[in-house]
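Worksheet: the structure to be examined is printed underneath.
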Amino acid sequence: MSTVGNSSTIDWRAIDDLRPLAAATTRARYSPSAAEVDAFQTDGVVHLPAAFVDWVEPLRAGLERNLTNPDQFAFPCDSTTADEPGRFFDSYCNWQLIPEYLTFVLSSAAASMAAAFMQSTTAQLFHEHSFSKEPGTAKATPWHHDLPYYCVDGQQTASIYVALDDISADTAVQFLRGSHRTGELFKPRTFSDGTEYETGDESMVSAPASTPDTDAVFTTALAAGDALVFDFRTLHGSTDQPLTARRRAFSTRWLGDDVRYVDRPGETSPPLEGLGLKPGDPMRDDWFPTLWPNSR
Ligand SMILES: O=C(O)CCC(=O)C(=O)O
């Protein structure tokens, strides 16, 4: 999401038309159990231990490129100020620019996994988002859900969040089970200080200021390579418990059959411009490739 320091130093679109690349490559298949799909549909989040263990090293290497040269990539954000401990960095829309990310989206089981959990015949890649909190960081991820940040709407959505470090339960991202089903839209907030966006949409309400005090909060420790799959509408955030170790993660965002472009009146994140779409249009396949099924 958009934060202090967000800038579009590099064009997020490095490849003109992604369709030939999608057609020339093949992705692994993932077959979840019926209980896992049911958990995702009911709770809006499911934990898949060790789902991407083989991808931890490549994705860490990709994220390191982003961290060490933020201005060479799209939308780099630092959400910690100079007087705050640690560093909370995020960046997104770099999957065409970072070879390890490109290989992940084109060959891993993520596209198939997304389609299976969304109960969709197709999975279209919206973008990726990487996160890194350094040891000492004591900054919460503000509670939010992702849909109102985005210029899309629909019921069939999934983020696949791959932990790139072992993360303790008290510092991991937490989710409010069932919050994807309430029909509410929460105002997007900055990660730097939680300020709400000017959305121009009076129907949106404020997200919880901190972790809701209810048994419906889903929290789990993560091992590097574990995945959390969650709906764009599921509320999530973290505590400000100081980190004693690095906490890196790599999320890919997926669109299912029913997702369409919407014209949000306020700022969106990513701030995608010049899409040439009108409300109700499918997202364009040349810029947001359909990666599942493998060939169409
Ligand atoms: O890792 C975090 O704390 C934030 C993750 C997040 O907000 C997301 O993947 O949408």
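Just so we're on the same page: first chain in the structure tokens is A, next is B, and so on; residues restart at 1 for each chain, and ligands are numbered from 1 in the order they show up.
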
Extract, using only C-alpha atoms, all DNA, RNA and protein residues at most 12 Å from region 213-217 of chain A, discarding same-chain residues fewer than 4 positions from it, and format them as a PyMOL selection string.
chain A and resi 42-45+143+169+173-179+208-209+234-238

Grab the residues selected above and save them as a short mmCIF file (atom, residue, chain, number, x, y, z; two decimals), in the first residue's frame with C-alpha atoms.
```
data_model
loop_
_atom_site.label_atom_id
_atom_site.label_comp_id
_atom_site.auth_asym_id
_atom_site.auth_seq_id
_atom_site.Cartn_x
_atom_site.Cartn_y
_atom_site.Cartn_z
CA THR A 42 -15.17 -19.50 5.44
CA ASP A 43 -12.41 -17.62 7.25
CA GLY A 44 -10.95 -15.61 4.36
CA VAL A 45 -7.47 -16.94 5.20
CA TRP A 143 -5.14 -2.99 10.21
CA ALA A 169 3.16 -15.54 16.18
CA VAL A 173 0.54 -10.69 10.21
CA GLN A 174 -2.84 -11.49 11.83
CA PHE A 175 -6.28 -11.80 10.22
CA LEU A 176 -9.86 -11.25 11.32
CA ARG A 177 -11.60 -14.45 10.29
CA GLY A 178 -14.84 -13.95 8.37
CA SER A 179 -14.22 -10.21 7.77
CA PRO A 208 -9.78 -1.15 13.56
CA ALA A 209 -7.03 0.99 15.11
CA THR A 234 -10.00 -10.02 4.76
CA LEU A 235 -8.89 -7.52 7.43
CA HIS A 236 -5.27 -7.96 8.51
CA GLY A 237 -2.53 -6.16 10.42
CA SER A 238 0.10 -6.74 13.07
#
```

Please tabulate, as CSV, the residues of region 173-219 of chain A that come within 12 Å of region 150-153 of chain A, each with its closest pair of atoms and the distance in Å to one decimal, counting only C-alpha atoms and ordering rows by chain, then residue number upward.
```
residue,atom,partner,partner_atom,distance
A:Leu185,CA,A:Asp153,CA,11.1
A:Lys187,CA,A:Tyr150,CA,11.5
A:Pro188,CA,A:Tyr150,CA,9.6
A:Thr199,CA,A:Tyr150,CA,11.4
```

Asn294 (chain A) environment, 8 Å, only C-alpha atoms, sequence neighbours closer than 2 positions dropped, as a compact mmCIF listing (two decimals) with N, CA and C atoms, in the first residue's frame:
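And here's around-v3.txt as it stands now:
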```txt
# COMPACT_ATOMS: atom_id res chain seq x y z
N ALA A 22 3.40 -15.72 -21.20
CA ALA A 22 2.51 -16.61 -20.45
C ALA A 22 2.29 -17.91 -21.23
N ALA A 23 2.11 -17.78 -22.55
CA ALA A 23 1.83 -18.96 -23.37
C ALA A 23 3.05 -19.86 -23.52
N THR A 25 5.35 -20.47 -21.25
CA THR A 25 5.84 -21.00 -19.98
C THR A 25 4.76 -21.87 -19.33
N THR A 26 5.19 -22.68 -18.37
CA THR A 26 4.26 -23.63 -17.73
C THR A 26 4.41 -23.55 -16.22
N ARG A 27 3.29 -23.50 -15.55
CA ARG A 27 3.29 -23.38 -14.10
C ARG A 27 2.91 -24.71 -13.44
N LEU A 291 -2.44 -16.55 -15.86
CA LEU A 291 -1.38 -17.57 -15.74
C LEU A 291 -1.94 -18.93 -15.35
N TRP A 292 -3.23 -18.98 -15.09
CA TRP A 292 -3.88 -20.28 -14.91
C TRP A 292 -5.23 -20.23 -15.58
N ARG A 296 -4.52 -21.37 -22.88
CA ARG A 296 -5.95 -21.13 -23.08
C ARG A 296 -6.27 -21.03 -24.56
```

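Those residues in region 25-57 of chain A carrying a DSSP assignment of strand (DSSP E), computed from the backbone, are Val45, Val46, His47 and Leu48 of chain A.
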
Give me, please, the distance in Å between CA of Lys139 (chain A) and CA of Asp231 (chain A), quoted to one decimal.
23.7 Å

Please report the interatomic distance between CA of Val259 (chain A) and CA of Ala114 (chain A) in Å with one decimal.
13.4 Å

Using only C-alpha atoms, determine which residues lie at most 10 Å from Thr103 (chain A), disregarding the query and same-chain residues fewer than 2 positions distant; provide the list as an MDAnalysis selection string.
chainID A and resid 25 27 55 58:59 95:96 98:101 105:108

Applying 12 Å and only C-alpha atoms, which residues near Gly200 (chain A) remain after dropping the ones on its own chain fewer than 4 positions away? List them as a ChimeraX atom specification.
/A:148,187-188,196,204-205,263-268

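Atom pair CA of Leu48 (chain A) / CA of Trp12 (chain A) has a distance of 29.7 Å (rounded to one decimal).
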
So which residues touch Arg248 (chain A) within 7 Å, counting only C-alpha atoms, skipping near sequence neighbours fewer than 3 positions away, as an mmCIF file with N, CA and C atoms, in the first residue's frame?
```cif
data_model
loop_
_atom_site.group_PDB
_atom_site.id
_atom_site.type_symbol
_atom_site.label_atom_id
_atom_site.label_comp_id
_atom_site.auth_asym_id
_atom_site.auth_seq_id
_atom_site.Cartn_x
_atom_site.Cartn_y
_atom_site.Cartn_z
ATOM 1 N N PHE A 131 7.646 -7.160 1.364
ATOM 2 C CA PHE A 131 7.705 -6.460 2.653
ATOM 3 C C PHE A 131 8.968 -6.878 3.388
ATOM 4 N N SER A 132 9.580 -5.920 4.062
ATOM 5 C CA SER A 132 10.743 -6.263 4.878
ATOM 6 C C SER A 132 10.773 -5.395 6.117
ATOM 7 N N LYS A 133 10.779 -6.034 7.281
ATOM 8 C CA LYS A 133 10.989 -5.320 8.541
ATOM 9 C C LYS A 133 12.306 -5.834 9.116
ATOM 10 N N ALA A 163 6.129 -16.365 3.539
ATOM 11 C CA ALA A 163 7.084 -15.925 4.563
ATOM 12 C C ALA A 163 8.493 -16.246 4.080
ATOM 13 N N LEU A 164 9.395 -15.269 4.188
ATOM 14 C CA LEU A 164 10.787 -15.496 3.772
ATOM 15 C C LEU A 164 11.719 -15.617 4.973
ATOM 16 N N ASP A 165 11.150 -15.554 6.177
ATOM 17 C CA ASP A 165 11.886 -15.790 7.427
ATOM 18 C C ASP A 165 10.967 -16.567 8.352
#
```

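Distances here use only C-alpha atoms and all ligand atoms; by that measure, the residue among A:Arg189, A:Arg29, A:Lys278, A:His129 closest to ligand 1 is A:His129.
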
Restricting to only C-alpha atoms and all ligand atoms, whichever of A:Asp54, A:Asp226, A:Asp146, A:Glu184 is closest to ligand 1 is A:Asp146

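With only C-alpha atoms taken into account, the protein and nucleic acid residues at most 12 Å from Leu277 (chain A) (excluding it and anything under 2 positions from it in its own chain) are Cys151, Val152, Arg260, Tyr261, Val262, Asp263, Leu272, Glu273, Gly274, Leu275, Pro279, Gly280, Asp281, Pro282, Met283, Arg284, Asp285 and Trp287 of chain A.
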